[in-house]
Each structure stands twice: as structure tokens, then as C-alpha cells.
Amino acid sequence: DAMVIQNPRYQVTQFGKPVTLSCSQTLNHNVMYWYQQKSSQAPKLLFHYYDKDFNNEADTPDNFQSRRPNTSFCFLDIRSPGLGDAAMYLCATSREPQQPQHFGDGTRLSIL
Amino acid sequence: EDQVTQSPEALRLQEGESSSLNCSYTVSGLRGLFWYRQDPGKGPEFLFTLYSAGEEKEKERLKATLTKKESFLHITAPKPEDSATYLCAVNTGTASKLTFGTGTRLQVTL
């Protein structure tokens, strides 16, 4: 049973055209995370929510935004995607900070 | 700045050939070290958490150990289904941030 679900699995968008990726969880975890993973690289944390508190990493581009309307859902908005934003985007959850994170299967984003 | 280095980058084993993967870290205040398995096109799958030097965890053919500077993932008598990328990550300080290594790509052949 999938516990962290990401939609869509594959997303193609045009250069500069806004795109939204979604993540839902059935674990009722307090913390939700968004990571960017490029080919053969380590996942890189973009931001996370602890409940409704938003925490942005210092080096996350302003082009990336996030929303968490309720405990179960979290969205990643890319306002003006560039070619360098093509990557796998991973959503993860944990019950509390510093506890194991559980990942979805990701959304692979392609930019035309 | 926290750093995590994994070696080797890639490892090819024959079925039944035991080996170890290394994760060395330089951090200020380790709050936990995590091992994940990642299959192609999938998200990382949680394997183990280690919190203090000397701690060991086991699951089937995998055993993770931790010292003050590094962690090892020992694979005993691997099978082809153990083929995957194994990621190590550390949690430090008060933040929720995991700092990942770039992984070891393991291939187990018949």
C-alpha cells in the first residue's frame, strides 16, 4: 500500500511554463519534504514543512515555491522552469524531525 | 559544512560474494545516520537508522554498523535482487535536513 504518493510520475512542461507537482501521504506524519535529485547525484533538500511551518533551504531558488493546505497534501510549484530544473522531484515524510523519512516514487520532470 | 562521502561509487559482485559499502562523514553533532536503498526510477526506501558509535542493525542479508567517523553496510551472500543504489544520509543539528552521499551503485550477477 503506497503511503507517500506523488502525481504525476512523469511531467513534461515547456520552458518558462509554470508547473505543479503534488504529494499526498496516508501516514499522518507531521513533516513533509521536497527534494530535487539529478541523474547520479544525491537528493538535495529544497524545503520542508513541520506542520504548517515552512522552512526554505538557503540555496533553493526563488523559482521554487511550496504549499501545504492540510496534513495530507503538499505541492511543489515551479513558477518559470528552466532547462536546469529537469530532474526527479522526491517527496518525503517523517513523523517528527530527525526520524526516518519515507519517500514517494518521485515525479520525473522534463523541460522542452 | 556537513559532508558525506560514499565509496566505492560502483561495485559489481557475483551472487554469494560478500562485501561492504562505506559511508564516511564529517559533521558537527550527528543526530542519526540513515541507510536507504534506491531502485532505478523509484524513491529511496528506508533501511536502517543508527544513532551512536558501536550500534549495529541487521535486516536479512544486510548489516549496518557505525563508528564516530564512518558507517559500513555489509552485504552477506548477496543475490541479484540486492542490485540497487545504496544511499547514506546524516541528520545533524536541530534541523530536519538530511545530507545525502551520492550513493554506491551495486550490481549482483549470477
# chains A, B, ... in the order shown; residues from 1 in each chain; ligands from 1
$ interface_residues --of "chain B" --to "chain A" --cutoff "9 Å" --atoms "only C-alpha atoms" --output "ChimeraX atom specification"
/B:31-32,34,41-46,48-49,87,91-92,94-103
$ atom_distance --atom1 "CA of Val27 (chain B)" --atom2 "CA of Ala10 (chain B)"
24.2 Å
$ residues_around --residues "region 55-62 of chain B" --least-positions-apart "2" --cutoff "6 Å" --atoms "only C-alpha atoms" --output "list in words"
Ser52, Ala53, Ala64, Thr65, Leu66, His74, Ile75 and Thr76 of chain B
$ write_last_selection --atoms "all heavy atoms" --output "tab-separated table (two decimals), in the first residue's frame"
chain	number	residue	atom	x	y	z
B	52	SER	N	24.35	5.97	17.43
B	52	SER	CA	25.56	6.17	18.22
B	52	SER	C	26.61	5.14	17.83
B	52	SER	O	26.30	4.03	17.36
B	52	SER	CB	25.24	6.04	19.72
B	52	SER	OG	24.61	4.81	19.99
B	53	ALA	N	27.88	5.53	18.02
B	53	ALA	CA	29.01	4.67	17.67
B	53	ALA	C	28.89	3.32	18.39
B	53	ALA	O	28.56	3.28	19.58
B	53	ALA	CB	30.32	5.36	18.03
B	64	ALA	N	24.26	-3.01	9.11
B	64	ALA	CA	24.84	-1.68	9.15
B	64	ALA	C	25.52	-1.46	10.49
B	64	ALA	O	24.99	-1.85	11.53
B	64	ALA	CB	23.77	-0.61	8.94
B	65	THR	N	26.71	-0.85	10.43
B	65	THR	CA	27.47	-0.55	11.63
B	65	THR	C	27.88	0.92	11.61
B	65	THR	O	27.94	1.56	10.55
B	65	THR	CB	28.72	-1.44	11.74
B	65	THR	OG1	29.57	-1.18	10.61
B	65	THR	CG2	28.35	-2.92	11.76
B	66	LEU	N	28.20	1.45	12.79
B	66	LEU	CA	28.53	2.88	12.91
B	66	LEU	C	29.72	3.08	13.84
B	66	LEU	O	29.77	2.50	14.93
B	66	LEU	CB	27.32	3.66	13.44
B	66	LEU	CG	27.49	5.16	13.59
B	66	LEU	CD1	27.67	5.84	12.25
B	66	LEU	CD2	26.29	5.76	14.34
B	74	HIS	N	27.26	-3.90	5.36
B	74	HIS	CA	27.80	-5.21	4.98
B	74	HIS	C	26.71	-6.01	4.28
B	74	HIS	O	25.59	-6.11	4.79
B	74	HIS	CB	28.29	-5.95	6.23
B	74	HIS	CG	29.24	-5.17	7.08
B	74	HIS	ND1	30.59	-5.09	6.80
B	74	HIS	CD2	29.03	-4.42	8.20
B	74	HIS	CE1	31.17	-4.32	7.72
B	74	HIS	NE2	30.26	-3.91	8.57
B	75	ILE	N	27.08	-6.59	3.16
B	75	ILE	CA	26.12	-7.41	2.41
B	75	ILE	C	26.67	-8.84	2.38
B	75	ILE	O	27.74	-9.09	1.80
B	75	ILE	CB	25.91	-6.87	0.99
B	75	ILE	CG1	25.45	-5.42	1.06
B	75	ILE	CG2	24.90	-7.72	0.24
B	75	ILE	CD1	25.28	-4.76	-0.27
B	76	THR	N	25.94	-9.75	2.99
B	76	THR	CA	26.39	-11.14	3.11
B	76	THR	C	25.65	-12.00	2.08
B	76	THR	O	24.42	-11.96	2.00
B	76	THR	CB	26.10	-11.68	4.51
B	76	THR	OG1	26.76	-10.85	5.47
B	76	THR	CG2	26.60	-13.11	4.65
$ atom_distance --atom1 "CA of Cys88 (chain B)" --atom2 "CA of Arg105 (chain B)"
11.9 Å
$ select_by_dssp --residues "chain B" --states "strand (DSSP E)" --output "PyMOL selection string"
chain B and resi 3-7+10-14+19-26+30-38+45-50+56-59+62-66+70-75+84-92+98-100+104-109
$ atom_distance --atom1 "CA of Gln6 (chain A)" --atom2 "CA of Cys23 (chain A)"
4.5 Å
$ residues_around --residues "Ser72 (chain A)" --least-positions-apart "2" --cutoff "8 Å" --atoms "only C-alpha atoms" --output "ChimeraX atom specification"
/A:24-26,28,70,74
$ closest_residue --among "A:Gly82, A:Leu109, A:Asn30, A:Arg95" --to "Arg68 (chain A)" --atoms "only C-alpha atoms"
A:Asn30
